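J.: query.cif is the file, holding mmCIF, C-alpha atoms:
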data_structure
#
loop_
_atom_site.group_PDB
_atom_site.id
_atom_site.type_symbol
_atom_site.label_atom_id
_atom_site.label_comp_id
_atom_site.auth_asym_id
_atom_site.auth_seq_id
_atom_site.Cartn_x
_atom_site.Cartn_y
_atom_site.Cartn_z
ATOM 1 C CA MET A 1 -36.012 -47.184 -44.679
ATOM 2 C CA ASN A 2 -33.772 -44.180 -44.467
ATOM 3 C CA GLY A 3 -36.771 -41.878 -43.952
ATOM 4 C CA ARG A 4 -38.028 -43.936 -40.973
ATOM 5 C CA ARG A 5 -34.677 -43.723 -39.218
ATOM 6 C CA LEU A 6 -34.539 -39.982 -39.698
ATOM 7 C CA SER A 7 -38.036 -39.545 -38.298
ATOM 8 C CA ARG A 8 -37.024 -41.514 -35.162
ATOM 9 C CA TYR A 9 -34.140 -39.084 -34.600
ATOM 10 C CA TRP A 10 -36.494 -36.126 -34.912
ATOM 11 C CA LEU A 11 -38.546 -37.602 -32.098
ATOM 12 C CA LEU A 12 -35.425 -37.639 -29.864
ATOM 13 C CA VAL A 13 -34.573 -33.938 -30.452
ATOM 14 C CA PRO A 14 -37.436 -32.568 -28.306
ATOM 15 C CA LEU A 15 -36.540 -35.011 -25.554
ATOM 16 C CA ILE A 16 -32.870 -33.898 -25.594
ATOM 17 C CA VAL A 17 -33.856 -30.202 -25.515
ATOM 18 C CA ALA A 18 -36.257 -30.850 -22.614
ATOM 19 C CA ALA A 19 -33.501 -32.700 -20.704
ATOM 20 C CA LEU A 20 -31.025 -29.812 -21.216
ATOM 21 C CA LEU A 21 -33.541 -27.191 -20.089
ATOM 22 C CA SER A 22 -34.529 -29.152 -17.007
ATOM 23 C CA ARG A 23 -30.838 -29.652 -16.109
ATOM 24 C CA ASP A 24 -30.195 -25.873 -16.342
ATOM 25 C CA TRP A 25 -33.263 -25.186 -14.224
ATOM 26 C CA VAL A 26 -32.197 -27.675 -11.505
ATOM 27 C CA GLU A 27 -28.573 -26.384 -11.406
ATOM 28 C CA ARG A 28 -29.538 -22.703 -11.275
ATOM 29 C CA PRO A 29 -28.625 -21.118 -7.870
ATOM 30 C CA ASP A 30 -31.420 -19.694 -5.730
ATOM 31 C CA SER A 31 -29.615 -16.363 -5.298
ATOM 32 C CA PHE A 32 -26.750 -14.549 -6.908
ATOM 33 C CA GLU A 33 -23.978 -12.883 -4.941
ATOM 34 C CA LEU A 34 -22.853 -9.666 -6.523
ATOM 35 C CA GLU A 35 -19.212 -8.812 -6.034
ATOM 36 C CA GLU A 36 -18.473 -5.361 -4.737
ATOM 37 C CA THR A 37 -16.957 -3.298 -7.486
ATOM 38 C CA VAL A 38 -14.311 -0.647 -7.040
ATOM 39 C CA ASP A 39 -15.014 2.759 -8.485
ATOM 40 C CA MET A 40 -11.679 3.464 -10.204
ATOM 41 C CA ARG A 41 -12.559 7.136 -10.477
ATOM 42 C CA GLN A 42 -12.150 7.417 -6.700
ATOM 43 C CA SER A 43 -8.796 5.597 -6.584
ATOM 44 C CA GLU A 44 -7.221 7.604 -9.410
ATOM 45 C CA ALA A 45 -5.587 10.984 -8.934
ATOM 46 C CA ASP A 46 -7.856 13.867 -9.881
ATOM 47 C CA TYR A 47 -4.891 16.206 -10.387
ATOM 48 C CA TYR A 48 -1.146 15.923 -10.700
ATOM 49 C CA LEU A 49 1.642 18.508 -10.336
ATOM 50 C CA GLU A 50 5.307 18.377 -11.306
ATOM 51 C CA ASP A 51 8.095 20.480 -9.739
ATOM 52 C CA PHE A 52 5.560 22.264 -7.535
ATOM 53 C CA THR A 53 5.849 24.746 -4.680
ATOM 54 C CA THR A 54 3.038 25.835 -2.362
ATOM 55 C CA ARG A 55 3.099 28.344 0.495
ATOM 56 C CA ARG A 56 0.942 28.933 3.553
ATOM 57 C CA PHE A 57 0.642 32.263 5.318
ATOM 58 C CA ASP A 58 -0.828 33.033 8.740
ATOM 59 C CA ALA A 59 -3.625 35.558 9.391
ATOM 60 C CA SER A 60 -1.150 38.450 9.585
ATOM 61 C CA GLY A 61 0.449 37.530 6.240
ATOM 62 C CA ALA A 62 3.656 36.017 7.656
ATOM 63 C CA LEU A 63 4.973 32.948 5.851
ATOM 64 C CA GLU A 64 4.326 29.777 7.921
ATOM 65 C CA TYR A 65 5.691 27.088 5.627
ATOM 66 C CA ILE A 66 6.629 26.131 2.075
ATOM 67 C CA VAL A 67 6.035 22.643 0.668
ATOM 68 C CA SER A 68 7.683 21.634 -2.611
ATOM 69 C CA GLY A 69 8.482 18.418 -4.424
ATOM 70 C CA ALA A 70 9.204 16.626 -7.676
ATOM 71 C CA SER A 71 5.551 15.576 -8.076
ATOM 72 C CA LEU A 72 2.229 15.647 -6.239
ATOM 73 C CA SER A 73 -0.790 13.414 -6.949
ATOM 74 C CA HIS A 74 -4.084 14.265 -5.238
ATOM 75 C CA TYR A 75 -6.654 11.506 -4.571
ATOM 76 C CA PRO A 76 -10.294 12.546 -4.063
ATOM 77 C CA ASP A 77 -11.388 9.414 -2.159
ATOM 78 C CA ASP A 78 -9.758 10.584 1.088
ATOM 79 C CA GLY A 79 -8.291 13.974 0.144
ATOM 80 C CA ARG A 80 -4.674 12.862 0.494
ATOM 81 C CA SER A 81 -1.791 13.960 -1.674
ATOM 82 C CA GLU A 82 1.182 11.694 -2.442
ATOM 83 C CA VAL A 83 4.451 13.617 -2.890
ATOM 84 C CA GLU A 84 7.737 12.452 -4.419
ATOM 85 C CA THR A 85 10.927 13.947 -2.880
ATOM 86 C CA PRO A 86 9.080 16.412 -0.637
ATOM 87 C CA ARG A 87 10.795 19.459 0.847
ATOM 88 C CA VAL A 88 9.264 21.446 3.707
ATOM 89 C CA GLU A 89 10.477 24.748 5.145
ATOM 90 C CA LEU A 90 8.905 25.805 8.459
ATOM 91 C CA TYR A 91 9.356 29.491 9.291
ATOM 92 C CA ARG A 92 9.392 30.490 12.956
ATOM 93 C CA PRO A 93 10.677 33.730 14.490
ATOM 94 C CA GLY A 94 14.485 33.573 14.255
ATOM 95 C CA THR A 95 14.476 29.973 12.990
ATOM 96 C CA VAL A 96 13.965 28.084 9.739
ATOM 97 C CA TRP A 97 13.472 24.315 9.773
ATOM 98 C CA ARG A 98 14.221 22.518 6.484
ATOM 99 C CA VAL A 99 12.906 18.981 5.999
ATOM 100 C CA ALA A 100 13.700 16.616 3.108
ATOM 101 C CA ALA A 101 12.448 13.071 2.505
ATOM 102 C CA GLU A 102 12.220 10.426 -0.202
ATOM 103 C CA ARG A 103 8.427 10.577 -0.416
ATOM 104 C CA GLY A 104 5.491 11.804 1.605
ATOM 105 C CA ARG A 105 1.770 11.910 2.144
ATOM 106 C CA LEU A 106 -0.055 15.165 2.908
ATOM 107 C CA ASP A 107 -3.451 15.014 4.617
ATOM 108 C CA VAL A 108 -5.263 18.335 4.800
ATOM 109 C CA ASP A 109 -7.712 17.775 7.625
ATOM 110 C CA PRO A 110 -5.847 18.266 9.866
ATOM 111 C CA ASP A 111 -2.658 19.354 8.099
ATOM 112 C CA VAL A 112 -0.457 16.306 8.693
ATOM 113 C CA PHE A 113 2.552 15.544 6.533
ATOM 114 C CA THR A 114 3.840 11.963 6.790
ATOM 115 C CA LEU A 115 7.418 11.848 5.498
ATOM 116 C CA LEU A 116 8.540 8.383 4.421
ATOM 117 C CA GLY A 117 11.921 6.809 3.793
ATOM 118 C CA GLU A 118 15.059 8.628 4.858
ATOM 119 C CA VAL A 119 14.213 11.983 6.454
ATOM 120 C CA ARG A 120 16.624 14.832 7.159
ATOM 121 C CA LEU A 121 15.589 17.850 9.232
ATOM 122 C CA GLU A 122 17.920 20.853 9.617
ATOM 123 C CA ARG A 123 17.522 23.900 11.847
ATOM 124 C CA ASP A 124 19.125 27.166 10.817
ATOM 125 C CA THR A 125 18.960 29.750 13.550
ATOM 126 C CA ALA A 126 20.637 32.932 14.586
ATOM 127 C CA ASP A 127 19.199 32.896 18.126
ATOM 128 C CA SER A 128 20.390 29.520 19.419
ATOM 129 C CA GLU A 129 23.675 29.020 21.237
ATOM 130 C CA ASP A 130 23.767 25.464 19.828
ATOM 131 C CA GLY A 131 24.036 26.728 16.260
ATOM 132 C CA PRO A 132 22.767 24.587 13.392
ATOM 133 C CA LEU A 133 21.171 21.253 14.197
ATOM 134 C CA THR A 134 20.525 18.175 12.008
ATOM 135 C CA LEU A 135 18.098 15.324 12.703
ATOM 136 C CA ARG A 136 18.360 12.140 10.612
ATOM 137 C CA THR A 137 15.670 9.454 10.898
ATOM 138 C CA SER A 138 12.917 7.794 8.863
ATOM 139 C CA ASP A 139 9.128 7.823 8.672
ATOM 140 C CA VAL A 140 8.281 11.096 10.409
ATOM 141 C CA THR A 141 4.844 12.536 11.086
ATOM 142 C CA LEU A 142 4.815 16.333 11.009
ATOM 143 C CA ALA A 143 1.649 18.069 12.233
ATOM 144 C CA LEU A 144 1.876 21.405 10.434
ATOM 145 C CA ASP A 145 -0.964 23.068 12.378
ATOM 146 C CA GLY A 146 0.085 21.637 15.747
ATOM 147 C CA ASN A 147 3.823 22.162 15.140
ATOM 148 C CA GLU A 148 4.588 18.655 16.366
ATOM 149 C CA LEU A 149 7.041 16.117 15.023
ATOM 150 C CA ARG A 150 7.184 12.411 15.886
ATOM 151 C CA THR A 151 8.814 9.184 14.805
ATOM 152 C CA ASP A 152 9.144 5.681 16.221
ATOM 153 C CA ALA A 153 12.245 4.964 14.133
ATOM 154 C CA PRO A 154 15.918 5.213 15.171
ATOM 155 C CA PHE A 155 17.208 8.790 15.044
ATOM 156 C CA GLU A 156 20.399 10.821 15.306
ATOM 157 C CA ILE A 157 20.549 14.500 16.257
ATOM 158 C CA VAL A 158 23.829 16.311 15.632
ATOM 159 C CA ALA A 159 24.767 19.840 16.759
ATOM 160 C CA GLU A 160 28.150 21.595 16.876
ATOM 161 C CA THR A 161 28.994 20.477 20.428
ATOM 162 C CA TRP A 162 26.764 17.449 21.039
ATOM 163 C CA ARG A 163 25.143 14.382 19.508
ATOM 164 C CA LEU A 164 22.103 12.321 20.555
ATOM 165 C CA ALA A 165 20.912 8.982 19.203
ATOM 166 C CA GLY A 166 18.017 6.733 20.159
ATOM 167 C CA VAL A 167 14.766 5.201 19.022
ATOM 168 C CA GLY A 168 11.588 7.274 18.816
ATOM 169 C CA LEU A 169 11.064 10.926 19.575
ATOM 170 C CA ARG A 170 8.343 13.527 20.000
ATOM 171 C CA SER A 171 8.925 17.238 19.618
ATOM 172 C CA ALA A 172 6.865 20.387 20.075
ATOM 173 C CA ILE A 173 8.657 22.572 17.525
ATOM 174 C CA ASP A 174 7.504 26.018 18.700
ATOM 175 C CA ALA A 175 7.932 25.175 22.391
ATOM 176 C CA GLY A 176 11.428 23.773 21.804
ATOM 177 C CA LYS A 177 10.596 20.584 23.722
ATOM 178 C CA LEU A 178 12.049 17.216 22.777
ATOM 179 C CA GLU A 179 10.997 13.855 24.230
ATOM 180 C CA LEU A 180 13.367 10.971 23.514
ATOM 181 C CA LEU A 181 11.564 7.639 23.850
ATOM 182 C CA SER A 182 14.145 4.840 24.193
ATOM 183 C CA ASN A 183 17.766 3.645 23.839
ATOM 184 C CA VAL A 184 19.106 7.183 24.193
ATOM 185 C CA ASN A 185 22.843 7.732 23.895
ATOM 186 C CA GLY A 186 24.484 11.150 23.926
ATOM 187 C CA THR A 187 27.899 12.750 23.704
ATOM 188 C CA PHE A 188 28.742 16.313 24.650
ATOM 189 C CA ASP A 189 31.936 18.275 24.014
ATOM 190 C CA VAL A 190 33.175 20.116 27.087
ATOM 191 C CA ALA A 191 34.220 23.658 26.390
ATOM 192 C CA VAL A 192 37.875 24.259 27.192
ATOM 193 C CA PRO A 193 38.496 27.668 28.780
ATOM 194 C CA PRO A 194 40.984 29.885 26.890
#
Spit out the file's structure as structure tokens when you get a sec.

T.:
Amino acid sequence: MNGRRLSRYWLLVPLIVAALLSRDWVERPDSFELEETVDMRQSEADYYLEDFTTRRFDASGALEYIVSGASLSHYPDDGRSEVETPRVELYRPGTVWRVAAERGRLDVDPDVFTLLGEVRLERDTADSEDGPLTLRTSDVTLALDGNELRTDAPFEIVAETWRLAGVGLRSAIDAGKLELLSNVNGTFDVAVPP
């Protein structure tokens, strides 16, 4: 009797297997959507520098600018470089501009340095009657080839005899032009004759 029961179960096995296969065939999707994968090689830095300094010279061999920082990571996907605690020195006839920021991004085509976080720009000059000048702001875009500086953030410019504050500015560094965009407030010390 035991053998007959076992043989009945063996007859059910092919039916169960056929039911499972037909279920998988019915539930199978007509098409598969492939997810777009990210090539991690493109999003990783291809080189890294610590305590670096780089210089750029013009066609006549005169120093144009120096860029230095605590670290630089270059990313091949878009050619950008991420810089921690960047320092930039712009050399112009009779004037040196020194820029410091918390972090920055350098794009090489065109040469644009985006300085992020707190930014401090100082002008040392022997030719200006205003003497040294300090600009404090945040999130500055510095076009190294075009010699232009811009920010949409609040700023403060301090010189020996005057102070300006506002929101947003544009500057053509070599031309000495400054465009103040909004909420401008200034104070000027009047010279007292001797």

J.: Of the candidates A:Ser73, A:Ser171, A:Ser60, A:Thr161, which shows the shortest atom-to-atom distance to A:Val190, using only C-alpha atoms?

T.: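 Closest candidate: A:Thr161.
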
J.: Check what the PyMOL selection byres ((chain A and resi 172-180) around 12) selects in the file above and give those residues as a ChimeraX atom specification.

T.: /A:64,90-97,121,123,128,135,142-157,164-171,181-186

J.: Hey, what's within 9 Å of stretch 98-100 of chain A if we count only C-alpha atoms and toss same-chain stuff fewer than 5 positions away? As a list in words, please?

T.: Thr85, Pro86, Arg87, Val88, Glu89, Leu90, Tyr91, Leu115, Glu118, Val119, Arg120, Leu121, Glu122, Arg123 and Asp124 of chain A

J.: May I ask for the distance between atom CA of A:Thr114 and atom CA of A:Tyr65, given in Å to one decimal place?

T.: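 These atoms are spaced 15.3 Å apart.
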
J.: Using all atoms listed in the file, which residues sit within 10 Å of A:Asp109 once same-chain residues fewer than 3 positions away are excluded, as a list in words?

T.: Asp78, Gly79, Arg80, Leu106, Val112 and Asp145 of chain A

J.: Quick one: distance from atom CA of A:Tyr47 to atom CA of A:Phe113 in Å, one decimal?

T.: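 Interatomic distance, atom CA of A:Tyr47 to atom CA of A:Phe113: 18.5 Å.
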
J.: If I take atom CA of A:Thr54 and atom CA of A:Ser71, how far is one from the other in Å, to one decimal?

T.: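 Answer for the atom CA of A:Thr54 to atom CA of A:Ser71 separation: 12.0 Å.
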
J.: Could you put an axis-aligned box around every listed atom of stretch 103-118 of chain A, padded by 3 Å on each side, and send me its centre and edge lengths in Å to one decimal, as lines of an AutoDock Vina configuration file?

T.:
center_x = 3.7
center_y = 13.1
center_z = 4.7
size_x = 28.8
size_y = 18.5
size_z = 16.3

J.: Using the chain letters and numbers from the file, give me the residues hit by the PyMOL selection byres ((chain A and resi 75) around 10), as a list in words.

T.: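 Selection result, ordered by chain and number: Arg41, Gln42, Ser43, Glu44, Ala45, Asp46, Tyr47, Tyr48, Leu72, Ser73, His74, Pro76, Asp77, Asp78, Gly79, Arg80, Ser81 and Glu82 of chain A.
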